[in-house]
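Student: target_18.cif is reproduced below (mmCIF, C-alpha atoms and all ligand atoms).
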```
data_model
#
loop_
_atom_site.label_atom_id
_atom_site.label_comp_id
_atom_site.auth_asym_id
_atom_site.auth_seq_id
_atom_site.Cartn_x
_atom_site.Cartn_y
_atom_site.Cartn_z
CA MET C 1 16.22 -18.66 -2.86
CA SER C 2 16.64 -16.96 -6.26
CA THR C 3 18.12 -13.48 -6.46
CA ALA C 4 17.16 -13.05 -10.13
CA LYS C 5 16.54 -9.41 -11.06
CA LYS C 6 15.46 -8.50 -14.55
CA GLU C 7 15.39 -4.87 -15.74
CA TYR C 8 11.84 -3.66 -16.27
CA LYS C 9 11.67 -0.26 -17.98
CA ARG C 10 8.10 0.07 -16.75
CA VAL C 11 6.53 -2.30 -14.27
CA THR C 12 3.15 -3.66 -15.37
CA VAL C 13 0.81 -6.23 -13.90
CA LYS C 14 2.39 -8.68 -16.33
CA SER C 15 5.89 -7.87 -14.99
CA LEU C 16 4.71 -8.87 -11.52
CA ILE C 17 3.57 -12.28 -12.76
CA ASP C 18 6.95 -12.66 -14.55
CA MET C 19 8.74 -11.79 -11.30
CA LYS C 20 6.81 -14.46 -9.42
CA GLN C 21 7.58 -17.03 -12.11
CA SER C 22 11.29 -16.20 -12.14
CA GLY C 23 11.54 -16.06 -8.34
CA GLU C 24 12.31 -12.33 -8.18
CA LYS C 25 10.74 -10.79 -5.09
CA ILE C 26 8.44 -7.80 -5.60
CA SER C 27 9.12 -4.56 -3.70
CA MET C 28 6.19 -2.32 -2.83
CA LEU C 29 5.88 0.82 -0.68
CA THR C 30 3.20 3.41 -0.10
CA ALA C 31 3.41 7.00 -1.29
CA TYR C 32 0.79 9.71 -1.17
CA ASP C 33 2.47 12.77 -2.70
CA TYR C 34 4.66 13.91 -5.59
CA THR C 35 7.94 14.48 -3.73
CA MET C 36 7.98 11.15 -1.91
CA ALA C 37 6.80 9.25 -5.00
CA LYS C 38 9.64 10.78 -7.03
CA ILE C 39 12.19 9.42 -4.51
CA VAL C 40 10.51 6.01 -4.20
CA ASP C 41 10.20 5.55 -7.97
CA GLY C 42 13.77 6.76 -8.56
CA ALA C 43 15.07 4.29 -5.97
CA GLY C 44 13.70 1.41 -8.04
CA ILE C 45 10.57 0.27 -6.24
CA ASP C 46 8.36 -2.05 -8.31
CA VAL C 47 4.93 -1.04 -7.01
CA ILE C 48 3.76 2.17 -5.35
CA LEU C 49 0.60 1.79 -3.32
CA VAL C 50 -1.46 4.93 -2.83
CA GLY C 51 -2.88 3.36 0.31
CA ASP C 52 -5.87 4.53 2.26
CA SER C 53 -3.34 4.57 5.12
CA ALA C 54 -3.06 8.19 3.91
CA SER C 55 -6.05 8.64 6.21
CA ASN C 56 -3.76 7.90 9.20
CA VAL C 57 -0.39 9.09 7.92
CA MET C 58 -1.36 12.25 6.02
CA ALA C 59 -4.58 13.32 7.71
CA GLY C 60 -4.05 12.06 11.28
CA HIS C 61 -7.26 10.02 11.50
CA GLU C 62 -7.33 7.09 13.90
CA THR C 63 -8.55 4.70 11.18
CA THR C 64 -8.60 4.43 7.37
CA LEU C 65 -12.38 4.83 7.27
CA PRO C 66 -12.77 8.62 6.88
CA ILE C 67 -10.69 9.13 3.72
CA THR C 68 -12.85 9.96 0.69
CA LEU C 69 -12.67 9.01 -2.98
CA ASP C 70 -11.87 12.64 -3.91
CA GLN C 71 -8.99 12.65 -1.40
CA MET C 72 -7.63 9.34 -2.76
CA ILE C 73 -7.80 10.75 -6.29
CA TYR C 74 -5.89 13.86 -5.14
CA HIS C 75 -3.12 11.72 -3.58
CA ALA C 76 -2.97 9.30 -6.52
CA SER C 77 -2.76 12.01 -9.17
CA SER C 78 0.13 13.64 -7.26
CA VAL C 79 1.94 10.27 -7.22
CA ILE C 80 1.26 9.61 -10.90
CA ARG C 81 2.88 12.93 -11.89
CA ALA C 82 6.10 11.75 -10.22
CA ILE C 83 6.64 8.27 -11.58
CA ASP C 84 8.63 6.96 -14.52
CA ARG C 85 8.77 3.23 -13.80
CA SER C 86 6.66 1.93 -10.93
CA LEU C 87 3.22 0.37 -11.18
CA VAL C 88 0.80 2.56 -9.19
CA VAL C 89 -2.01 0.79 -7.32
CA VAL C 90 -4.69 2.89 -5.64
CA ASP C 91 -6.88 1.82 -2.71
CA LEU C 92 -10.62 2.13 -3.14
CA PRO C 93 -11.61 3.78 0.14
CA PHE C 94 -14.18 2.50 2.61
CA GLY C 95 -17.77 2.97 1.47
CA THR C 96 -17.04 3.27 -2.25
CA TYR C 97 -17.38 -0.38 -3.29
CA GLN C 98 -19.13 -2.45 -0.61
CA SER C 99 -22.75 -1.52 -1.24
CA ASP C 100 -23.14 -2.63 -4.86
CA PRO C 101 -21.06 -3.61 -7.90
CA LYS C 102 -22.23 -0.66 -10.01
CA GLU C 103 -21.05 1.80 -7.39
CA ALA C 104 -17.77 -0.13 -7.09
CA LEU C 105 -17.22 0.17 -10.84
CA ARG C 106 -18.08 3.89 -10.81
CA SER C 107 -15.52 4.42 -8.01
CA ALA C 108 -12.81 2.43 -9.81
CA ILE C 109 -13.45 4.31 -13.06
CA ARG C 110 -13.10 7.65 -11.24
CA ILE C 111 -9.73 6.52 -9.83
CA MET C 112 -8.47 5.41 -13.26
CA LYS C 113 -9.80 8.43 -15.19
CA GLU C 114 -9.13 11.23 -12.72
CA SER C 115 -5.81 10.09 -11.20
CA GLY C 116 -4.21 8.06 -13.98
CA GLY C 117 -3.55 5.17 -11.55
CA HIS C 118 -2.78 1.78 -13.09
CA ALA C 119 -4.81 -0.55 -10.85
CA VAL C 120 -7.06 -0.56 -7.77
CA LYS C 121 -6.95 -2.49 -4.51
CA LEU C 122 -10.02 -3.61 -2.55
CA GLU C 123 -10.21 -5.23 0.88
CA GLY C 124 -12.19 -8.44 1.28
CA GLY C 125 -13.15 -11.81 -0.18
CA LYS C 126 -16.41 -13.51 -1.18
CA GLU C 127 -18.55 -10.67 0.16
CA ILE C 128 -17.21 -8.29 -2.51
CA LYS C 129 -16.75 -10.85 -5.31
CA ASP C 130 -19.41 -9.28 -7.57
CA SER C 131 -17.90 -5.82 -7.18
CA ILE C 132 -14.44 -7.11 -8.08
CA LYS C 133 -15.81 -8.98 -11.11
CA ARG C 134 -17.59 -5.86 -12.35
CA ILE C 135 -14.38 -3.81 -12.09
CA LEU C 136 -12.32 -6.51 -13.79
CA ASN C 137 -14.88 -6.77 -16.61
CA ALA C 138 -14.25 -3.09 -17.35
CA GLY C 139 -10.56 -3.87 -17.94
CA ILE C 140 -9.33 -2.42 -14.65
CA PRO C 141 -6.66 -4.54 -12.89
CA VAL C 142 -7.54 -5.43 -9.31
CA MET C 143 -5.28 -6.31 -6.38
CA GLY C 144 -7.00 -8.14 -3.52
CA HIS C 145 -6.31 -7.64 0.19
CA LEU C 146 -6.98 -10.33 2.83
CA GLY C 147 -6.04 -11.06 6.43
CA LEU C 148 -6.06 -7.92 8.54
CA THR C 149 -8.20 -5.55 6.52
CA PRO C 150 -8.07 -2.19 8.31
CA GLN C 151 -11.36 -0.96 6.79
CA SER C 152 -13.06 -3.63 8.95
CA ILE C 153 -11.32 -2.63 12.17
CA TYR C 154 -14.60 -2.08 14.01
CA LYS C 155 -15.64 -5.66 13.17
CA PHE C 156 -12.29 -7.12 14.37
CA GLY C 157 -11.97 -4.80 17.38
CA THR C 158 -8.14 -4.94 17.34
CA TYR C 159 -5.19 -4.86 14.93
CA THR C 160 -3.87 -8.26 16.11
CA VAL C 161 -2.72 -11.12 13.86
CA ARG C 162 -5.57 -12.65 11.79
CA ALA C 163 -6.28 -16.23 10.68
CA LYS C 164 -4.49 -17.93 13.59
CA GLU C 165 -7.46 -20.28 14.00
CA GLU C 166 -8.08 -23.08 11.51
CA GLU C 167 -11.52 -21.90 10.41
CA GLU C 168 -10.37 -18.37 9.55
CA ALA C 169 -7.23 -19.75 7.86
CA LYS C 170 -9.38 -22.04 5.67
CA GLN C 171 -11.62 -19.13 4.75
CA LEU C 172 -8.59 -17.01 3.85
CA ILE C 173 -7.19 -19.72 1.57
CA SER C 174 -10.54 -20.12 -0.15
CA ASN C 175 -10.89 -16.33 -0.62
CA ALA C 176 -7.36 -16.08 -2.04
CA LYS C 177 -8.14 -18.85 -4.55
CA MET C 178 -11.40 -17.15 -5.50
CA LEU C 179 -9.55 -13.82 -6.10
CA GLU C 180 -7.10 -15.60 -8.38
CA LYS C 181 -9.89 -17.45 -10.20
CA ILE C 182 -11.93 -14.34 -11.02
CA GLY C 183 -8.85 -12.54 -12.37
CA CYS C 184 -7.12 -10.43 -9.70
CA PHE C 185 -3.48 -9.85 -10.66
CA ALA C 186 -2.10 -10.01 -7.09
CA VAL C 187 -3.17 -10.26 -3.45
CA VAL C 188 -1.91 -8.49 -0.34
CA LEU C 189 -1.88 -10.59 2.83
CA GLU C 190 -1.68 -8.49 5.98
CA LYS C 191 -0.63 -9.66 9.43
CA ILE C 192 -1.22 -13.41 9.25
CA PRO C 193 1.02 -16.34 10.32
CA ALA C 194 4.05 -16.74 8.03
CA GLU C 195 3.35 -20.42 7.44
CA LEU C 196 -0.17 -19.74 6.20
CA ALA C 197 1.03 -16.89 3.95
CA LYS C 198 3.66 -19.18 2.41
CA GLN C 199 1.04 -21.84 1.78
CA VAL C 200 -1.15 -19.29 -0.06
CA ALA C 201 1.83 -18.01 -2.10
CA ASP C 202 2.77 -21.59 -3.02
CA GLU C 203 -0.77 -22.47 -4.09
CA LEU C 204 -1.45 -19.33 -6.13
CA THR C 205 0.04 -18.48 -9.54
CA ILE C 206 -0.55 -14.73 -9.01
CA PRO C 207 1.88 -12.80 -6.77
CA VAL C 208 1.18 -12.64 -3.04
CA ILE C 209 2.56 -9.51 -1.36
CA GLY C 210 2.93 -9.63 2.41
CA ILE C 211 2.93 -7.12 5.23
CA GLY C 212 3.55 -8.87 8.51
CA ALA C 213 3.21 -12.19 6.67
CA GLY C 214 6.79 -13.52 6.71
CA ASN C 215 9.22 -14.08 3.85
CA GLY C 216 7.63 -17.08 2.14
CA VAL C 217 5.51 -14.77 -0.05
CA ASP C 218 6.35 -13.20 -3.42
CA GLY C 219 6.98 -9.66 -2.25
CA GLN C 220 6.79 -7.20 0.63
CA VAL C 221 4.94 -3.95 1.25
CA LEU C 222 5.45 -1.41 4.03
CA VAL C 223 4.09 2.04 4.75
CA LEU C 224 6.86 4.41 3.64
CA HIS C 225 6.53 6.80 6.59
CA ASP C 226 6.96 3.87 8.98
CA MET C 227 10.01 2.33 7.25
CA ILE C 228 11.86 5.67 7.10
CA GLY C 229 11.00 6.33 10.74
CA MET C 230 8.97 9.51 10.22
CA THR C 231 6.28 7.97 12.37
CA HIS C 232 7.47 6.70 15.75
CA GLU C 233 4.45 5.65 17.78
CA PHE C 234 3.53 2.60 15.65
CA ASN C 235 5.90 -0.29 16.39
CA PRO C 236 4.57 -3.66 15.20
CA ARG C 237 7.01 -6.58 15.13
CA PHE C 238 6.95 -6.78 11.31
CA LEU C 239 8.15 -3.21 10.83
CA ARG C 240 11.82 -2.72 9.97
CA ARG C 241 12.84 0.93 10.29
CA TYR C 242 15.60 1.87 7.83
CA MET C 243 16.02 5.41 9.17
CA ASN C 244 15.00 7.48 12.17
CA LEU C 245 13.69 10.54 10.35
CA TYR C 246 11.51 11.53 13.28
CA GLU C 247 14.63 12.15 15.36
CA ASP C 248 16.71 13.59 12.49
CA MET C 249 13.97 16.02 11.48
CA THR C 250 13.30 17.08 15.06
CA THR C 251 17.02 17.80 15.54
CA ALA C 252 17.24 19.73 12.26
CA ILE C 253 14.12 21.78 12.95
CA SER C 254 15.20 22.66 16.53
CA GLN C 255 18.56 23.73 15.10
CA TYR C 256 16.76 25.97 12.58
CA VAL C 257 14.65 27.51 15.36
CA ASP C 258 17.83 28.25 17.36
CA ASP C 259 19.57 29.70 14.30
CA VAL C 260 16.65 32.02 13.52
CA LYS C 261 16.38 33.17 17.14
CA SER C 262 20.12 33.79 17.43
CA VAL C 263 20.26 35.48 13.99
CA SER C 264 22.93 33.02 12.82
CA PHE C 265 20.62 32.22 9.90
CA PRO C 266 20.78 33.66 7.29
CA ASN C 267 24.50 34.50 7.19
CA GLU C 268 26.23 36.73 4.65
CA ASN C 269 26.40 34.01 2.01
CA GLU C 270 22.72 33.23 2.37
CA GLN C 271 21.45 36.68 1.43
CA TYR C 272 21.42 39.00 -1.62
O1 LIG T 301 -3.30 1.39 2.95
C1 LIG T 301 -2.21 0.77 3.03
O2 LIG T 301 -1.15 1.35 3.27
C2 LIG T 301 -2.25 -0.67 2.83
C3 LIG T 301 -1.00 -1.44 3.13
C4 LIG T 301 -0.81 -1.56 4.59
C5 LIG T 301 -1.00 -2.76 2.47
O3 LIG T 301 -3.24 -1.20 2.46
#
```
Give the structure from this file in C-alpha cells form.
Ligand code: KIV

Tutor:
Amino acid sequence: MSTAKKEYKRVTVKSLIDMKQSGEKISMLTAYDYTMAKIVDGAGIDVILVGDSASNVMAGHETTLPITLDQMIYHASSVIRAIDRSLVVVDLPFGTYQSDPKEALRSAIRIMKESGGHAVKLEGGKEIKDSIKRILNAGIPVMGHLGLTPQSIYKFGTYTVRAKEEEEAKQLISNAKMLEKIGCFAVVLEKIPAELAKQVADELTIPVIGIGAGNGVDGQVLVLHDMIGMTHEFNPRFLRRYMNLYEDMTTAISQYVDDVKSVSFPNENEQY
C-alpha cells in the first residue's frame, strides 16, 4: 500500500482525484460548528463533511430526517468561516431534493450561495439521478452516498449492514457506476461488506470514501463526535474512538462544580 502524501495548500475536488490516482488515502470527518471545524482543518483533514448527522449529534433527534435546509446552511456557514485548507461538503437534507430536480437544484444553490460550501452530498442512486444531473449541470460538485443511507431508515427498518445479498450488491455497483458516469466527483459507501466496497473502489476512477466499509476504499469518514468519544451510546464495530471526551469532560465539569461549591474557584490569581 502506498503512503504517498502530497502537500495540498487547498483541497479541491481535483485534489481528491489526484489522491486516488497516486494512492494517497483521503481523510474526511464531520464538523458542524466554527470551533470544531477550526481544529479539524488545522489538524490537516482533507474533507470536512457538514453531515445531516448534525440532526442527531447537535440537535438530539433520533434520525437525520428532521434537520432543515436553513439549519444545514447555518452549520455549513459556521464551518466555512473556520477553514483554510479543507474541502467542505454539505449534505442536502431529507425532503429537499427527492421530489423533483428543480427543487433539488434550488436547494443546492441555497447551500452554495448562503453557506459558501464547496460541494453537496445526496443519498441515493437511480431514483435521484435526474436531480443529481440538474445540480451538476449548474456547476455544483456532487458527492454520492450509497449503502446504508440514513435518510431512508424507515424503509430499511434498521441500521444493519447493507448489500449483503447478491441482488442488493449488484444494484449498489450499478448505482455507483451511474454516479461516476453522470459526473459525481466521489461516492460515500456506508456500512457494506469490505469486499464489495473494495470492488467498487477498484472499478471506479472517482474516489470512494468508506464508513464501515473496510480499508480497500480510497478514504475514510467518521462522525467527529464519535471518534473523539464525546458520544458514548453509539458503538458500531467500525467506530474507532481516539479519545474518551465524554469521560474527560464529565470529570472536568464535576470538578468545576465542586470547586464552585467549595469556593476554591476562583482563587486569588483568578480575580481582579
Ligand atoms: O451525515 C453524516 O455524518 C454522513 C456520514 C455518516 C457519511 O453522511

Student: List every protein, DNA or RNA residue that has at least one atom no more than 7 Å from (-9.3, 2.0, -0.4) in the file's coordinates, counting all atoms listed in the file, and write the result as a PDB file with C-alpha atoms, in the frame of the given file.

Tutor:
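Output contents, as saved in selection.pdb:
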```pdb
ATOM      1  CA  GLY C  51      -2.880   3.360   0.310  1.00  0.00           C
ATOM      2  CA  ASP C  52      -5.870   4.530   2.260  1.00  0.00           C
ATOM      3  CA  ASP C  91      -6.880   1.820  -2.710  1.00  0.00           C
ATOM      4  CA  LEU C  92     -10.620   2.130  -3.140  1.00  0.00           C
ATOM      5  CA  PRO C  93     -11.610   3.780   0.140  1.00  0.00           C
ATOM      6  CA  PHE C  94     -14.180   2.500   2.610  1.00  0.00           C
ATOM      7  CA  LYS C 121      -6.950  -2.490  -4.510  1.00  0.00           C
ATOM      8  CA  LEU C 122     -10.020  -3.610  -2.550  1.00  0.00           C
TER       9      LEU C 122
END
```

Student: Which residues are close to Ala138 in chain C, i.e. within 12 Å by only C-alpha atoms, leaving aside same-chain residues fewer than 3 positions away? Reply as an MDAnalysis selection string.

Tutor: chainID C and resid 101:102 104:106 108:109 112 119 131:135 141:142 183

Student: Could you save those same residues with C-alpha atoms as a compact mmCIF listing (two decimals), in the frame of the given file?

Tutor:
```txt
# COMPACT_ATOMS: atom_id res chain seq x y z
CA PRO C 101 -21.06 -3.61 -7.90
CA LYS C 102 -22.23 -0.66 -10.01
CA ALA C 104 -17.77 -0.13 -7.09
CA LEU C 105 -17.22 0.17 -10.84
CA ARG C 106 -18.08 3.89 -10.81
CA ALA C 108 -12.81 2.43 -9.81
CA ILE C 109 -13.45 4.31 -13.06
CA MET C 112 -8.47 5.41 -13.26
CA ALA C 119 -4.81 -0.55 -10.85
CA SER C 131 -17.90 -5.82 -7.18
CA ILE C 132 -14.44 -7.11 -8.08
CA LYS C 133 -15.81 -8.98 -11.11
CA ARG C 134 -17.59 -5.86 -12.35
CA ILE C 135 -14.38 -3.81 -12.09
CA PRO C 141 -6.66 -4.54 -12.89
CA VAL C 142 -7.54 -5.43 -9.31
CA GLY C 183 -8.85 -12.54 -12.37
```

Student: Quick one: everything within 8 Å of Val88 in chain C, counting all atoms listed in the file, minus sequence neighbours fewer than 4 positions away in the same chain. Send it as JSON, numbers by chain.

Tutor: {"C": [47, 48, 49, 50, 80, 117, 118, 119]}

Student: For CA of Val57 in chain C and CA of Gln71 in chain C, determine how far apart the two atoms are, in Å to one decimal place.

Tutor: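 Here the two named atoms are 13.2 Å from each other.
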
Student: Write as a PDB file with C-alpha atoms, in the frame of the given file the residues around ligand LIG 301 (chain T), taking 9 Å as the cut-off and counting all atoms listed in the file.

Tutor:
```
ATOM      1  CA  MET C  28       6.190  -2.320  -2.830  1.00  0.00           C
ATOM      2  CA  LEU C  29       5.880   0.820  -0.680  1.00  0.00           C
ATOM      3  CA  THR C  30       3.200   3.410  -0.100  1.00  0.00           C
ATOM      4  CA  ALA C  31       3.410   7.000  -1.290  1.00  0.00           C
ATOM      5  CA  LEU C  49       0.600   1.790  -3.320  1.00  0.00           C
ATOM      6  CA  VAL C  50      -1.460   4.930  -2.830  1.00  0.00           C
ATOM      7  CA  GLY C  51      -2.880   3.360   0.310  1.00  0.00           C
ATOM      8  CA  ASP C  52      -5.870   4.530   2.260  1.00  0.00           C
ATOM      9  CA  SER C  53      -3.340   4.570   5.120  1.00  0.00           C
ATOM     10  CA  ALA C  54      -3.060   8.190   3.910  1.00  0.00           C
ATOM     11  CA  SER C  55      -6.050   8.640   6.210  1.00  0.00           C
ATOM     12  CA  THR C  64      -8.600   4.430   7.370  1.00  0.00           C
ATOM     13  CA  VAL C  90      -4.690   2.890  -5.640  1.00  0.00           C
ATOM     14  CA  ASP C  91      -6.880   1.820  -2.710  1.00  0.00           C
ATOM     15  CA  LYS C 121      -6.950  -2.490  -4.510  1.00  0.00           C
ATOM     16  CA  LEU C 122     -10.020  -3.610  -2.550  1.00  0.00           C
ATOM     17  CA  GLU C 123     -10.210  -5.230   0.880  1.00  0.00           C
ATOM     18  CA  HIS C 145      -6.310  -7.640   0.190  1.00  0.00           C
ATOM     19  CA  THR C 149      -8.200  -5.550   6.520  1.00  0.00           C
ATOM     20  CA  PRO C 150      -8.070  -2.190   8.310  1.00  0.00           C
ATOM     21  CA  VAL C 188      -1.910  -8.490  -0.340  1.00  0.00           C
ATOM     22  CA  LEU C 189      -1.880 -10.590   2.830  1.00  0.00           C
ATOM     23  CA  GLU C 190      -1.680  -8.490   5.980  1.00  0.00           C
ATOM     24  CA  ILE C 209       2.560  -9.510  -1.360  1.00  0.00           C
ATOM     25  CA  GLY C 210       2.930  -9.630   2.410  1.00  0.00           C
ATOM     26  CA  ILE C 211       2.930  -7.120   5.230  1.00  0.00           C
ATOM     27  CA  VAL C 221       4.940  -3.950   1.250  1.00  0.00           C
ATOM     28  CA  LEU C 222       5.450  -1.410   4.030  1.00  0.00           C
ATOM     29  CA  VAL C 223       4.090   2.040   4.750  1.00  0.00           C
ATOM     30  CA  LEU C 224       6.860   4.410   3.640  1.00  0.00           C
TER      31      LEU C 224
END
```

Student: Against range 158-165 of chain C, which residues of range 190-229 of chain C fall within 10 Å? For each one I want the closest pair of atoms and the distance in Å (one decimal), counting all atoms listed in the file, rows by chain and increasing residue number, as CSV.

Tutor:
```
residue,atom,partner,partner_atom,distance
C:Glu190,CA,C:Arg162,CA,8.1
C:Lys191,CA,C:Val161,CA,5.1
C:Ile192,CA,C:Arg162,CA,5.1
C:Pro193,CA,C:Lys164,CA,6.6
C:Leu196,CA,C:Ala163,CA,8.4
C:Ala197,CA,C:Ala163,CA,10.0
C:Gly212,CA,C:Val161,CA,8.5
C:Ala213,CA,C:Val161,CA,9.4
```

Student: Which residues of range 76-162 of chain C have any atom within 9 Å of an atom in range 169-181 of chain C when counting all atoms listed in the file, and what is the closest pair of atoms for each, with the distance in Å to one decimal? Order the rows by chain and rising number and write it as a Markdown table.

Tutor:
```
| residue | atom | partner | partner_atom | distance |
| --- | --- | --- | --- | --- |
| C:Gly124 | CA | C:Asn175 | CA | 8.2 |
| C:Gly125 | CA | C:Asn175 | CA | 5.1 |
| C:Lys126 | CA | C:Asn175 | CA | 6.2 |
| C:Lys129 | CA | C:Leu179 | CA | 7.8 |
| C:Ile132 | CA | C:Leu179 | CA | 8.5 |
| C:Met143 | CA | C:Leu179 | CA | 8.6 |
| C:Gly144 | CA | C:Leu179 | CA | 6.7 |
| C:His145 | CA | C:Ala176 | CA | 8.8 |
| C:Leu146 | CA | C:Leu172 | CA | 6.9 |
| C:Gly147 | CA | C:Leu172 | CA | 7.0 |
| C:Arg162 | CA | C:Ala169 | CA | 8.3 |
```

Student: Mind giving me the straight-line distance from CA of Glu247 in chain C to CA of Met58 in chain C in Å, one decimal?

Tutor: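 Between CA of Glu247 in chain C and CA of Met58 in chain C the gap is 18.5 Å.
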
Student: List as a compact mmCIF listing (two decimals) with C-alpha atoms, in the coordinates of the input the protein and nucleic acid residues near Gly23 in chain C, meaning an atom at most 12 Å away when all atoms listed in the file are counted, but skip any in the same chain fewer than 3 places from it.

Tutor:
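Generated output (around-v1.txt):
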```
# COMPACT_ATOMS: atom_id res chain seq x y z
CA MET C 1 16.22 -18.66 -2.86
CA SER C 2 16.64 -16.96 -6.26
CA THR C 3 18.12 -13.48 -6.46
CA ALA C 4 17.16 -13.05 -10.13
CA LYS C 5 16.54 -9.41 -11.06
CA LYS C 6 15.46 -8.50 -14.55
CA SER C 15 5.89 -7.87 -14.99
CA LEU C 16 4.71 -8.87 -11.52
CA ILE C 17 3.57 -12.28 -12.76
CA ASP C 18 6.95 -12.66 -14.55
CA MET C 19 8.74 -11.79 -11.30
CA LYS C 20 6.81 -14.46 -9.42
CA ILE C 26 8.44 -7.80 -5.60
CA ALA C 201 1.83 -18.01 -2.10
CA ASP C 202 2.77 -21.59 -3.02
CA THR C 205 0.04 -18.48 -9.54
CA PRO C 207 1.88 -12.80 -6.77
CA GLY C 216 7.63 -17.08 2.14
CA VAL C 217 5.51 -14.77 -0.05
CA ASP C 218 6.35 -13.20 -3.42
CA GLY C 219 6.98 -9.66 -2.25
```

Student: I'd like the interatomic distance between CA of His225 in chain C and CA of Ala82 in chain C, to a tenth of an Å.

Tutor: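 Computed distance, CA of His225 in chain C to CA of Ala82 in chain C, equals 17.5 Å.
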
Student: When distances are computed from all atoms listed in the file, which of C:His232, C:Lys38, C:Arg237, C:Arg10 shows the smallest separation from Val79 in chain C?

Tutor: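 Closest candidate: C:Lys38.
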
Student: Which of these, C:Tyr272, C:Tyr154, C:His75, C:Cys184, has the shortest distance to Asn137 in chain C once you count all atoms listed in the file?

Tutor: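 Closest candidate: C:Cys184.
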
Student: For Ile140 in chain C, which of C:Tyr8, C:Gly229, C:Glu103, C:Val13 is the closest residue, counting only C-alpha atoms?

Tutor: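 Checking each candidate against Ile140 in chain C, we get C:Val13 as the closest.
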